[in-house]
file coords_16.csv (CSV, C-alpha atoms and all ligand atoms)
chain,number,residue,atom,x,y,z
N,1,MET,CA,-6.7,8.7,-20.5
N,2,ARG,CA,-4.3,8.8,-17.5
N,3,ILE,CA,-4.9,6.9,-14.4
N,4,VAL,CA,-3.2,7.6,-11.1
N,5,VAL,CA,-3.4,5.0,-8.3
N,6,LEU,CA,-2.4,5.4,-4.7
N,7,ALA,CA,-1.1,2.0,-3.5
N,8,GLY,CA,0.1,0.1,-0.5
N,9,GLY,CA,1.4,-3.4,-0.7
N,10,ILE,CA,-0.6,-6.6,-1.4
N,11,GLY,CA,-4.1,-5.0,-1.9
N,12,GLY,CA,-2.7,-2.3,-4.1
N,13,ALA,CA,-0.5,-4.6,-6.1
N,14,ARG,CA,-3.2,-7.2,-6.8
N,15,PHE,CA,-5.6,-4.5,-7.8
N,16,LEU,CA,-3.1,-3.0,-10.2
N,17,ARG,CA,-2.7,-6.3,-11.9
N,18,GLY,CA,-6.4,-6.4,-12.6
N,19,LEU,CA,-6.4,-2.8,-13.7
N,20,LYS,CA,-3.7,-3.4,-16.2
N,21,LYS,CA,-5.7,-6.3,-17.6
N,22,ALA,CA,-8.9,-4.1,-17.6
N,23,VAL,CA,-7.4,-1.3,-19.7
N,24,GLN,CA,-5.7,-3.6,-22.3
N,25,GLY,CA,-6.8,-2.4,-25.7
N,26,THR,CA,-8.6,0.6,-24.4
N,27,GLY,CA,-7.5,4.2,-24.8
N,28,VAL,CA,-5.6,4.4,-21.5
N,29,THR,CA,-2.2,5.8,-22.2
N,30,ASP,CA,-0.6,5.3,-18.8
N,31,ILE,CA,-1.0,4.2,-15.2
N,32,THR,CA,1.0,6.1,-12.6
N,33,VAL,CA,1.3,4.5,-9.1
N,34,ILE,CA,2.1,6.6,-6.1
N,35,GLY,CA,3.5,4.1,-3.6
N,36,ASN,CA,3.5,4.1,0.2
N,37,THR,CA,6.9,4.4,1.8
N,38,GLY,CA,5.7,4.7,5.4
N,39,ASP,CA,6.4,0.9,5.8
N,40,ASP,CA,10.0,1.4,4.9
N,41,ILE,CA,12.6,0.0,7.4
N,42,HIS,CA,16.3,-0.1,7.8
N,43,LEU,CA,17.6,-3.6,8.4
N,44,PHE,CA,21.1,-4.9,8.5
N,45,GLY,CA,22.2,-1.6,7.1
N,46,LEU,CA,19.9,-1.9,4.1
N,47,LYS,CA,16.9,0.2,3.1
N,48,VAL,CA,13.9,-2.0,2.7
N,49,CYS,CA,10.7,-0.7,0.9
N,50,PRO,CA,8.1,-3.5,1.3
N,51,ASP,CA,5.2,-1.8,-0.4
N,52,LEU,CA,7.2,-0.5,-3.4
N,53,ASP,CA,8.7,-4.0,-3.8
N,54,THR,CA,5.4,-5.8,-3.5
N,55,VAL,CA,4.0,-3.6,-6.4
N,56,MET,CA,7.2,-4.1,-8.4
N,57,TYR,CA,7.4,-7.9,-7.9
N,58,THR,CA,3.7,-8.5,-8.4
N,59,LEU,CA,3.5,-6.6,-11.7
N,60,GLY,CA,6.8,-7.9,-12.8
N,61,ASP,CA,5.9,-11.6,-12.2
N,62,GLY,CA,8.5,-12.0,-9.5
N,63,ILE,CA,6.2,-12.2,-6.5
N,64,ASP,CA,5.6,-15.2,-4.2
N,65,GLU,CA,1.9,-15.6,-5.2
N,66,GLU,CA,0.8,-17.5,-2.1
N,67,GLN,CA,2.3,-15.1,0.4
N,68,GLY,CA,1.6,-12.0,-1.6
N,69,TRP,CA,4.9,-10.5,-0.7
N,70,GLY,CA,8.6,-11.4,-1.2
N,71,ARG,CA,10.2,-13.2,-4.2
N,72,SER,CA,9.0,-16.4,-5.8
N,73,GLN,CA,11.4,-19.4,-5.5
N,74,GLU,CA,13.0,-17.7,-2.5
N,75,THR,CA,15.7,-19.2,-0.2
N,76,PHE,CA,16.8,-17.9,3.2
N,77,HIS,CA,20.5,-18.7,3.5
N,78,VAL,CA,21.6,-15.1,4.3
N,79,LYS,CA,19.0,-14.8,7.0
N,80,GLU,CA,20.1,-18.1,8.6
N,81,GLU,CA,23.8,-17.0,8.5
N,82,LEU,CA,22.9,-13.7,10.1
N,83,ALA,CA,21.0,-15.6,12.8
N,84,ALA,CA,24.0,-17.8,13.4
N,85,TYR,CA,25.9,-14.6,14.2
N,86,GLY,CA,23.2,-13.7,16.6
N,87,VAL,CA,22.3,-10.8,14.4
N,88,GLY,CA,18.6,-10.0,14.1
N,89,PRO,CA,15.8,-9.2,13.8
N,90,GLY,CA,14.7,-12.6,12.9
N,91,TRP,CA,11.0,-11.8,12.6
N,92,PHE,CA,11.3,-9.9,9.3
N,93,GLY,CA,11.3,-12.3,6.3
N,94,LEU,CA,14.1,-11.3,4.0
N,95,GLY,CA,15.0,-13.9,1.5
N,96,ASP,CA,18.2,-14.2,-0.6
N,97,ARG,CA,16.7,-12.9,-3.8
N,98,ASP,CA,15.0,-10.1,-2.0
N,99,PHE,CA,18.2,-9.1,-0.3
N,100,ALA,CA,19.7,-8.3,-3.7
N,101,THR,CA,17.0,-5.7,-4.3
N,102,HIS,CA,17.8,-4.0,-1.0
N,103,ILE,CA,21.5,-4.1,-1.7
N,104,VAL,CA,21.1,-2.4,-5.0
N,105,ARG,CA,18.7,0.2,-3.6
N,106,THR,CA,21.0,1.0,-0.6
N,107,GLN,CA,24.0,1.2,-2.9
N,108,MET,CA,22.3,3.7,-5.1
N,109,LEU,CA,20.9,5.8,-2.2
N,110,SER,CA,24.5,5.9,-0.7
N,111,ALA,CA,25.7,7.1,-4.1
N,112,GLY,CA,23.3,10.0,-3.8
N,113,TYR,CA,20.4,9.0,-5.9
N,114,PRO,CA,16.9,9.8,-4.5
N,115,LEU,CA,14.5,7.0,-3.8
N,116,SER,CA,12.4,7.9,-6.8
N,117,ALA,CA,15.4,7.5,-9.2
N,118,VAL,CA,16.3,4.2,-7.5
N,119,THR,CA,12.8,2.9,-7.8
N,120,GLU,CA,12.8,3.8,-11.5
N,121,ALA,CA,16.1,1.9,-11.9
N,122,LEU,CA,14.9,-1.2,-10.1
N,123,CYS,CA,11.7,-1.1,-12.3
N,124,GLU,CA,13.9,-1.3,-15.4
N,125,ARG,CA,14.5,-4.9,-14.5
N,126,TRP,CA,11.0,-5.7,-13.5
N,127,GLN,CA,9.0,-3.8,-16.2
N,128,PRO,CA,5.9,-3.5,-14.1
N,129,GLY,CA,4.0,-1.8,-17.0
N,130,VAL,CA,3.1,1.2,-14.7
N,131,ARG,CA,5.1,4.2,-13.6
N,132,LEU,CA,5.9,3.6,-10.0
N,133,ILE,CA,6.8,6.6,-7.9
N,134,PRO,CA,7.4,6.6,-4.1
N,135,MET,CA,5.1,9.1,-2.4
N,136,SER,CA,8.2,11.0,-1.2
N,137,ASP,CA,12.0,10.9,-1.4
N,138,ASP,CA,12.1,11.9,2.2
N,139,ARG,CA,12.3,9.5,5.1
N,140,ILE,CA,8.9,8.7,6.6
N,141,GLU,CA,8.3,5.9,9.0
N,142,THR,CA,5.0,4.9,10.4
N,143,HIS,CA,5.1,4.3,14.1
N,144,VAL,CA,2.4,2.7,16.3
N,145,ALA,CA,1.8,3.6,20.0
N,146,ILE,CA,1.2,0.4,22.0
N,147,THR,CA,1.1,-0.9,25.5
N,148,VAL,CA,4.0,-3.4,25.9
N,149,PRO,CA,2.4,-6.8,26.3
N,150,GLU,CA,2.9,-9.1,29.3
N,151,GLY,CA,6.1,-11.2,29.2
N,152,GLU,CA,8.1,-8.5,27.4
N,153,PRO,CA,10.6,-6.0,28.9
N,154,GLY,CA,8.7,-2.9,30.1
N,155,ALA,CA,5.3,-4.8,30.2
N,156,GLY,CA,2.4,-2.4,30.8
N,157,GLU,CA,4.4,0.7,29.6
N,158,ARG,CA,3.3,2.7,26.6
N,159,LYS,CA,5.8,3.0,23.8
N,160,ALA,CA,6.0,3.6,20.1
N,161,VAL,CA,7.2,0.8,17.8
N,162,HIS,CA,8.0,0.8,14.1
N,163,PHE,CA,5.0,-0.2,12.0
N,164,GLN,CA,6.8,-3.4,10.9
N,165,GLU,CA,7.4,-4.4,14.5
N,166,TYR,CA,3.7,-3.9,15.3
N,167,TRP,CA,2.5,-5.7,12.1
N,168,VAL,CA,5.0,-8.5,11.6
N,169,ARG,CA,6.5,-9.2,15.0
N,170,LEU,CA,3.5,-8.6,17.2
N,171,ARG,CA,1.0,-9.6,14.4
N,172,ALA,CA,-1.1,-6.6,15.6
N,173,SER,CA,-2.0,-8.7,18.6
N,174,VAL,CA,-2.1,-5.7,21.0
N,175,ASP,CA,-4.2,-2.6,20.5
N,176,ALA,CA,-2.8,0.4,18.6
N,177,HIS,CA,-3.4,3.6,20.6
N,178,ALA,CA,-2.1,5.8,17.8
N,179,VAL,CA,-0.6,5.6,14.3
N,180,VAL,CA,1.9,8.3,13.4
N,181,PRO,CA,3.6,8.8,10.0
N,182,VAL,CA,6.8,10.2,11.5
N,183,GLY,CA,8.5,12.7,9.2
N,184,ALA,CA,5.5,13.1,6.9
N,185,ASP,CA,4.8,16.6,8.1
N,186,ARG,CA,8.2,17.8,6.9
N,187,ALA,CA,8.2,15.6,3.7
N,188,LYS,CA,7.8,16.7,0.1
N,189,PRO,CA,6.0,14.7,-2.6
N,190,ALA,CA,8.6,12.9,-4.8
N,191,PRO,CA,9.3,14.5,-8.2
N,192,GLY,CA,6.5,13.5,-10.6
N,193,VAL,CA,3.8,13.0,-7.9
N,194,LEU,CA,2.1,16.3,-8.2
N,195,ASP,CA,2.5,16.5,-12.0
N,196,ALA,CA,0.9,13.1,-12.3
N,197,LEU,CA,-2.1,14.2,-10.2
N,198,ALA,CA,-2.4,17.5,-12.1
N,199,SER,CA,-2.6,15.7,-15.4
N,200,ALA,CA,-4.7,12.7,-14.2
N,201,ASP,CA,-8.1,11.9,-15.8
N,202,VAL,CA,-9.1,9.7,-12.9
N,203,VAL,CA,-7.6,8.9,-9.5
N,204,LEU,CA,-8.2,5.4,-7.9
N,205,PHE,CA,-7.8,4.2,-4.3
N,206,PRO,CA,-7.4,0.4,-4.6
N,207,PRO,CA,-8.5,-1.7,-1.6
N,208,SER,CA,-5.4,-0.8,0.2
N,209,ASN,CA,-5.2,-0.1,4.0
N,210,PRO,CA,-6.9,3.2,4.5
N,211,VAL,CA,-4.7,4.2,7.5
N,212,VAL,CA,-1.2,2.8,7.0
N,213,SER,CA,-1.1,2.7,3.2
N,214,ILE,CA,-3.4,5.3,1.6
N,215,GLY,CA,-3.6,7.4,4.8
N,216,THR,CA,0.2,7.7,4.9
N,217,ILE,CA,0.4,8.8,1.3
N,218,LEU,CA,-2.3,11.4,2.0
N,219,ALA,CA,-0.3,12.6,5.0
N,220,VAL,CA,2.5,14.0,2.7
N,221,PRO,CA,1.7,17.7,2.5
N,222,GLY,CA,0.4,18.6,-0.9
N,223,ILE,CA,-0.8,15.2,-2.0
N,224,ARG,CA,-4.3,15.4,-0.6
N,225,GLU,CA,-4.7,18.9,-1.9
N,226,ALA,CA,-3.5,17.9,-5.3
N,227,ILE,CA,-6.1,15.1,-5.5
N,228,ALA,CA,-8.9,17.4,-4.4
N,229,ASP,CA,-7.8,20.1,-6.8
N,230,ALA,CA,-7.3,17.9,-9.8
N,231,GLY,CA,-11.0,18.2,-10.5
N,232,VAL,CA,-11.3,14.6,-11.8
N,233,PRO,CA,-13.2,11.7,-10.5
N,234,VAL,CA,-11.7,10.0,-7.4
N,235,VAL,CA,-13.0,6.5,-6.9
N,236,GLY,CA,-12.1,4.0,-4.2
N,237,LEU,CA,-12.7,0.3,-3.5
N,238,SER,CA,-13.4,-0.9,0.0
N,239,PRO,CA,-10.7,-3.1,1.6
N,240,ILE,CA,-13.4,-4.0,4.2
N,241,VAL,CA,-15.9,-6.6,3.2
N,242,GLY,CA,-18.6,-7.8,5.6
N,243,ASP,CA,-17.2,-5.6,8.4
N,244,ALA,CA,-13.8,-7.2,8.4
N,245,PRO,CA,-10.6,-6.7,6.4
N,246,VAL,CA,-10.3,-9.3,3.7
N,247,ARG,CA,-6.7,-10.0,4.7
N,248,GLY,CA,-4.5,-8.5,7.4
N,249,MET,CA,-5.3,-6.5,10.5
N,250,ALA,CA,-6.7,-3.2,9.1
N,251,ASP,CA,-9.4,-3.2,11.9
N,252,LYS,CA,-6.6,-2.6,14.5
N,253,VAL,CA,-5.3,0.6,12.8
N,254,LEU,CA,-8.8,1.8,11.9
N,255,THR,CA,-9.8,1.5,15.5
N,256,ALA,CA,-6.7,3.5,16.5
N,257,VAL,CA,-7.8,6.4,14.4
N,258,GLY,CA,-11.5,6.2,15.6
N,259,VAL,CA,-13.0,4.7,12.5
N,260,GLU,CA,-15.3,1.6,12.7
N,261,THR,CA,-14.4,-1.4,10.5
N,262,THR,CA,-17.1,-1.1,7.9
N,263,ALA,CA,-17.0,-0.2,4.3
N,264,ALA,CA,-19.3,2.8,4.9
N,265,ALA,CA,-17.1,4.2,7.7
N,266,VAL,CA,-14.0,4.0,5.6
N,267,ALA,CA,-15.7,6.0,2.8
N,268,GLU,CA,-16.9,8.6,5.4
N,269,HIS,CA,-13.3,8.7,6.8
N,270,TYR,CA,-12.0,9.7,3.3
N,271,GLY,CA,-14.9,12.0,3.0
N,272,SER,CA,-16.7,13.6,0.1
N,273,GLY,CA,-14.1,16.4,-0.1
N,274,LEU,CA,-11.7,13.7,-1.4
N,275,LEU,CA,-13.8,10.8,-2.7
N,276,ASP,CA,-16.4,11.0,-5.5
N,277,GLY,CA,-17.2,7.3,-5.8
N,278,TRP,CA,-16.9,4.2,-3.6
N,279,LEU,CA,-17.4,0.5,-4.4
N,280,VAL,CA,-18.5,-1.8,-1.6
N,281,ASP,CA,-18.8,-5.6,-1.9
N,282,THR,CA,-22.2,-7.1,-2.6
N,283,VAL,CA,-22.5,-8.3,1.0
N,284,ASP,CA,-22.4,-4.7,2.1
N,285,GLU,CA,-25.2,-3.6,-0.3
N,286,GLY,CA,-27.0,-2.3,2.8
N,287,SER,CA,-24.4,0.4,3.3
N,288,VAL,CA,-24.8,2.0,-0.1
N,289,ALA,CA,-27.5,4.5,1.1
N,290,ARG,CA,-25.3,5.6,4.0
N,291,VAL,CA,-22.3,6.3,1.7
N,292,GLU,CA,-24.5,8.2,-0.7
N,293,ALA,CA,-25.9,10.2,2.2
N,294,ALA,CA,-22.3,11.3,2.8
N,295,GLY,CA,-22.3,12.7,-0.7
N,296,ILE,CA,-20.3,9.9,-2.3
N,297,ARG,CA,-21.7,7.9,-5.2
N,298,CYS,CA,-21.7,4.2,-4.3
N,299,ARG,CA,-22.2,0.9,-5.9
N,300,ALA,CA,-22.2,-2.7,-4.5
N,301,VAL,CA,-20.2,-5.1,-6.7
N,302,PRO,CA,-18.1,-8.3,-6.0
N,303,LEU,CA,-14.9,-7.1,-4.5
N,304,LEU,CA,-12.9,-10.2,-3.9
N,305,MET,CA,-9.7,-10.4,-5.9
N,306,THR,CA,-9.9,-14.2,-6.3
N,307,ASP,CA,-8.1,-14.2,-9.6
N,308,ILE,CA,-7.0,-11.7,-12.3
N,309,ASP,CA,-10.3,-11.7,-14.2
N,310,ALA,CA,-12.3,-11.0,-11.1
N,311,THR,CA,-9.9,-8.2,-10.2
N,312,ALA,CA,-10.2,-6.8,-13.8
N,313,ARG,CA,-13.9,-6.7,-13.4
N,314,MET,CA,-13.5,-4.7,-10.2
N,315,ALA,CA,-11.2,-2.2,-12.0
N,316,ARG,CA,-13.8,-1.9,-14.8
N,317,GLU,CA,-16.5,-1.1,-12.3
N,318,ALA,CA,-14.3,1.5,-10.7
N,319,LEU,CA,-13.6,3.2,-14.1
N,320,ALA,CA,-17.4,3.0,-14.9
N,321,LEU,CA,-18.2,4.7,-11.7
N,322,ALA,CA,-15.6,7.4,-12.5
N,323,GLU,CA,-17.3,8.0,-15.8
N,324,GLU,CA,-20.7,8.2,-14.1
N,325,VAL,CA,-19.2,10.8,-11.7
N,326,ARG,CA,-17.7,12.7,-14.6
N,327,ALA,CA,-21.0,12.8,-16.4
E,1,LIG,P1,-0.3,-4.2,2.5
E,1,LIG,O1,0.6,-3.0,2.4
E,1,LIG,O2,0.4,-5.4,2.0
E,1,LIG,O3,-1.0,-4.3,3.8
E,1,LIG,O4,-1.4,-4.0,1.4
E,1,LIG,P2,-2.4,-2.8,1.1
E,1,LIG,O5,-2.4,-1.7,2.1
E,1,LIG,O6,-2.3,-2.4,-0.3
E,1,LIG,O7,-3.8,-3.6,1.2
E,1,LIG,C1,-4.2,-4.2,2.4
E,1,LIG,C2,-5.7,-4.3,2.3
E,1,LIG,O8,-6.1,-5.1,1.2
E,1,LIG,C3,-6.3,-5.1,3.5
E,1,LIG,O9,-6.9,-4.1,4.3
E,1,LIG,C4,-7.2,-6.1,2.9
E,1,LIG,O10,-8.5,-6.1,3.5
E,1,LIG,C5,-7.3,-5.6,1.5
E,1,LIG,N1,-7.6,-6.7,0.6
E,1,LIG,C6,-6.8,-7.8,0.4
E,1,LIG,N2,-7.3,-8.6,-0.5
E,1,LIG,C7,-8.5,-8.1,-0.9
E,1,LIG,C8,-9.6,-8.5,-1.7
E,1,LIG,O11,-9.5,-9.5,-2.4
E,1,LIG,N3,-10.6,-7.6,-1.8
E,1,LIG,C9,-10.7,-6.5,-1.1
E,1,LIG,N4,-11.8,-5.7,-1.3
E,1,LIG,N5,-9.8,-6.1,-0.3
E,1,LIG,C10,-8.7,-6.9,-0.2
E,2,CA,CA,2.2,-2.1,3.6

call {"tool": "encode", "arguments": {"input": "coords_16.csv", "output": "structure tokens"}}
result
Amino acid sequence: MRIVVLAGGIGGARFLRGLKKAVQGTGVTDITVIGNTGDDIHLFGLKVCPDLDTVMYTLGDGIDEEQGWGRSQETFHVKEELAAYGVGPGWFGLGDRDFATHIVRTQMLSAGYPLSAVTEALCERWQPGVRLIPMSDDRIETHVAITVPEGEPGAGERKAVHFQEYWVRLRASVDAHAVVPVGADRAKPAPGVLDALASADVVLFPPSNPVVSIGTILAVPGIREAIADAGVPVVGLSPIVGDAPVRGMADKVLTAVGVETTAAAVAEHYGSGLLDGWLVDTVDEGSVARVEAAGIRCRAVPLLMTDIDATARMAREALALAEEVRA
């Protein structure tokens, strides 16, 4: 059995850790992860891929567990030295250990290797136990249209900012008018992405952000079609529990694309053309009928990734729902 998972950062990575545990000793031969690169940003001349790294560090036991991103036992000397030179931005947390990853990545990219090959090379160190492929080797950057807040230059004007500036610097404190994966329309799926989908037995959407993680992956021409055409069960887990994101600010970007922040609305947003099964949390049991009315098989189960065992149970529920769909 081959499983393909579309993943953003923290939600995707934590789910994958549970999935790996859930399939231990079963007949699953491999897990392929198609990672979001819309969050990628160039800082200090380096290419930073936050979501790929979160998956890599989490599955490779190098993650800062509490934060959910960045390296464990991190120090910030380089960042402090840069700040002493007046070189920013200071709002993006890059630690010394993390810097090394971005240096290696940038060096390999400069030598002509595509991001997919670089990611494979980085994973040789981390041994994540899954095949991690960026959604595309082409540059894609999610931008967010905002109204510049009071107290900042150009207050009241509309402008587009990089997703990281919206999420990390502004903490999504202003409304997002639009979310655009710049470059996605001209991008190609990375080598291996379409093949993995064509040979998949099941496709899973972890509780990743439906707009800026999974939505961005689906915006790469060919990926959505390959999932729909694969003819295998596609099952997702809701990142929205009790009408709010479990973590983060997904409600802001859902509102920007006209989707209400409920587990049922996210399922409808993906639609029955893409999704066969959907798991909602037990607190959202009341929305099961609405999801099923949209033509998507739905179950209510505990969806909080409080520890690896709870997460493994979520993964088993997703695989069980996939088998129900298949039957
Ligand atoms: P990011 O790139 O780091 O933002 O991570 P993802 O896009 O992969 O996942 C973010 C989403 O994970 C958020 O919308 C959260 O609501 C969701 N999430 C985080 N922890 C949990 C959890 O324990 N359960 C569920 N159901 N969703 C979660
Ligand atoms: Ca992300």

call {"tool": "atom_distance", "arguments": {"input": "coords_16.csv", "atom1": "atom CA of N:Lys21", "atom2": "atom CA of N:Ala312"}}
result
5.9 Å

call {"tool": "residues_near_ligand", "arguments": {"input": "coords_16.csv", "ligand": "ligand CA 2 (chain E)", "cutoff": "6 Å", "atoms": "all atoms listed in the file", "output": "list in words"}}
result
Gly8, Gly9, Asp39, Asp51 and Ser213 of chain N

call {"tool": "write_last_selection", "arguments": {"input": "coords_16.csv", "atoms": "C-alpha atoms", "output": "PDB file, keeping the file's coordinate frame"}}
result
ATOM      1  CA  GLY N   8       0.100   0.100  -0.500  1.00  0.00           C
ATOM      2  CA  GLY N   9       1.400  -3.400  -0.700  1.00  0.00           C
ATOM      3  CA  ASP N  39       6.400   0.900   5.800  1.00  0.00           C
ATOM      4  CA  ASP N  51       5.200  -1.800  -0.400  1.00  0.00           C
ATOM      5  CA  SER N 213      -1.100   2.700   3.200  1.00  0.00           C
TER       6      SER N 213
END

call {"tool": "residues_around", "arguments": {"input": "coords_16.csv", "residues": "stretch 256-259 of chain N", "least_positions_apart": "4", "cutoff": "12 Å", "atoms": "all atoms listed in the file", "output": "list in words"}}
result
Val144, Ala145, Ile146, Ala172, Val174, Asp175, Ala176, His177, Ala178, Val179, Val180, Pro210, Val211, Val212, Gly215, Asp243, Met249, Ala250, Asp251, Lys252, Ala263, Ala264, Ala265, Val266, Ala267, Glu268, His269 and Tyr270 of chain N

call {"tool": "residues_around", "arguments": {"input": "coords_16.csv", "residues": "stretch 63-68 of chain N", "least_positions_apart": "2", "cutoff": "12 Å", "atoms": "all atoms listed in the file", "output": "ChimeraX atom specification"}}
result
/N:9-14,17,50-51,53-61,70-75,93,95,97-98,126,128,247-248,306-307

call {"tool": "atom_distance", "arguments": {"input": "coords_16.csv", "atom1": "atom CA of N:Lys47", "atom2": "atom CA of N:Val118"}}
result
11.3 Å

call {"tool": "closest_residue", "arguments": {"input": "coords_16.csv", "among": "N:Ala310, N:Ala100, N:Ala187, N:Leu115", "to": "N:Ala219", "atoms": "all atoms listed in the file"}}
result
N:Ala187

call {"tool": "residues_near_point", "arguments": {"input": "coords_16.csv", "point": "(20.6, 2.4, -0.4)", "cutoff": "12 Å", "atoms": "only C-alpha atoms", "output": "PyMOL selection string"}}
result
chain N and resi 40-49+99-119+122

call {"tool": "write_last_selection", "arguments": {"input": "coords_16.csv", "atoms": "C-alpha atoms", "output": "short mmCIF file (atom, residue, chain, number, x, y, z; two decimals), in the frame of the given file"}}
result
data_model
loop_
_atom_site.label_atom_id
_atom_site.label_comp_id
_atom_site.auth_asym_id
_atom_site.auth_seq_id
_atom_site.Cartn_x
_atom_site.Cartn_y
_atom_site.Cartn_z
CA ASP N 40 10.00 1.40 4.90
CA ILE N 41 12.60 0.00 7.40
CA HIS N 42 16.30 -0.10 7.80
CA LEU N 43 17.60 -3.60 8.40
CA PHE N 44 21.10 -4.90 8.50
CA GLY N 45 22.20 -1.60 7.10
CA LEU N 46 19.90 -1.90 4.10
CA LYS N 47 16.90 0.20 3.10
CA VAL N 48 13.90 -2.00 2.70
CA CYS N 49 10.70 -0.70 0.90
CA PHE N 99 18.20 -9.10 -0.30
CA ALA N 100 19.70 -8.30 -3.70
CA THR N 101 17.00 -5.70 -4.30
CA HIS N 102 17.80 -4.00 -1.00
CA ILE N 103 21.50 -4.10 -1.70
CA VAL N 104 21.10 -2.40 -5.00
CA ARG N 105 18.70 0.20 -3.60
CA THR N 106 21.00 1.00 -0.60
CA GLN N 107 24.00 1.20 -2.90
CA MET N 108 22.30 3.70 -5.10
CA LEU N 109 20.90 5.80 -2.20
CA SER N 110 24.50 5.90 -0.70
CA ALA N 111 25.70 7.10 -4.10
CA GLY N 112 23.30 10.00 -3.80
CA TYR N 113 20.40 9.00 -5.90
CA PRO N 114 16.90 9.80 -4.50
CA LEU N 115 14.50 7.00 -3.80
CA SER N 116 12.40 7.90 -6.80
CA ALA N 117 15.40 7.50 -9.20
CA VAL N 118 16.30 4.20 -7.50
CA THR N 119 12.80 2.90 -7.80
CA LEU N 122 14.90 -1.20 -10.10
#

call {"tool": "closest_residue", "arguments": {"input": "coords_16.csv", "among": "N:Ile240, N:Leu82, N:Ala196, N:Val161", "to": "N:Met135", "atoms": "all atoms listed in the file"}}
result
N:Ala196

call {"tool": "closest_residue", "arguments": {"input": "coords_16.csv", "among": "N:Leu194, N:Ala327, N:Ile34, N:Ile227", "to": "ligand LIG 1 (chain E)", "atoms": "all atoms listed in the file"}}
result
N:Ile34

call {"tool": "closest_residue", "arguments": {"input": "coords_16.csv", "among": "N:Val202, N:Ala121, N:Met305, N:Val4", "to": "ligand LIG 1 (chain E)", "atoms": "all atoms listed in the file"}}
result
N:Met305

call {"tool": "atom_distance", "arguments": {"input": "coords_16.csv", "atom1": "atom CA of N:Glu120", "atom2": "atom CA of N:Ile133"}}
result
7.5 Å

call {"tool": "residues_around", "arguments": {"input": "coords_16.csv", "residues": "N:Asp276", "least_positions_apart": "3", "cutoff": "9 Å", "atoms": "all atoms listed in the file", "output": "tab-separated table (two decimals) with C-alpha atoms, keeping the file's coordinate frame"}}
result
chain	number	residue	atom	x	y	z
N	232	VAL	CA	-11.30	14.60	-11.80
N	233	PRO	CA	-13.20	11.70	-10.50
N	234	VAL	CA	-11.70	10.00	-7.40
N	235	VAL	CA	-13.00	6.50	-6.90
N	236	GLY	CA	-12.10	4.00	-4.20
N	271	GLY	CA	-14.90	12.00	3.00
N	272	SER	CA	-16.70	13.60	0.10
N	273	GLY	CA	-14.10	16.40	-0.10
N	295	GLY	CA	-22.30	12.70	-0.70
N	296	ILE	CA	-20.30	9.90	-2.30
N	297	ARG	CA	-21.70	7.90	-5.20
N	298	CYS	CA	-21.70	4.20	-4.30
N	322	ALA	CA	-15.60	7.40	-12.50
N	325	VAL	CA	-19.20	10.80	-11.70

call {"tool": "closest_residue", "arguments": {"input": "coords_16.csv", "among": "N:Val130, N:Leu218, N:Val193, N:Val168", "to": "N:Pro181", "atoms": "only C-alpha atoms"}}
result
N:Leu218

call {"tool": "closest_residue", "arguments": {"input": "coords_16.csv", "among": "N:Ala293, N:Val280, N:Ala320, N:Ile3", "to": "ligand LIG 1 (chain E)", "atoms": "all atoms listed in the file"}}
result
N:Val280
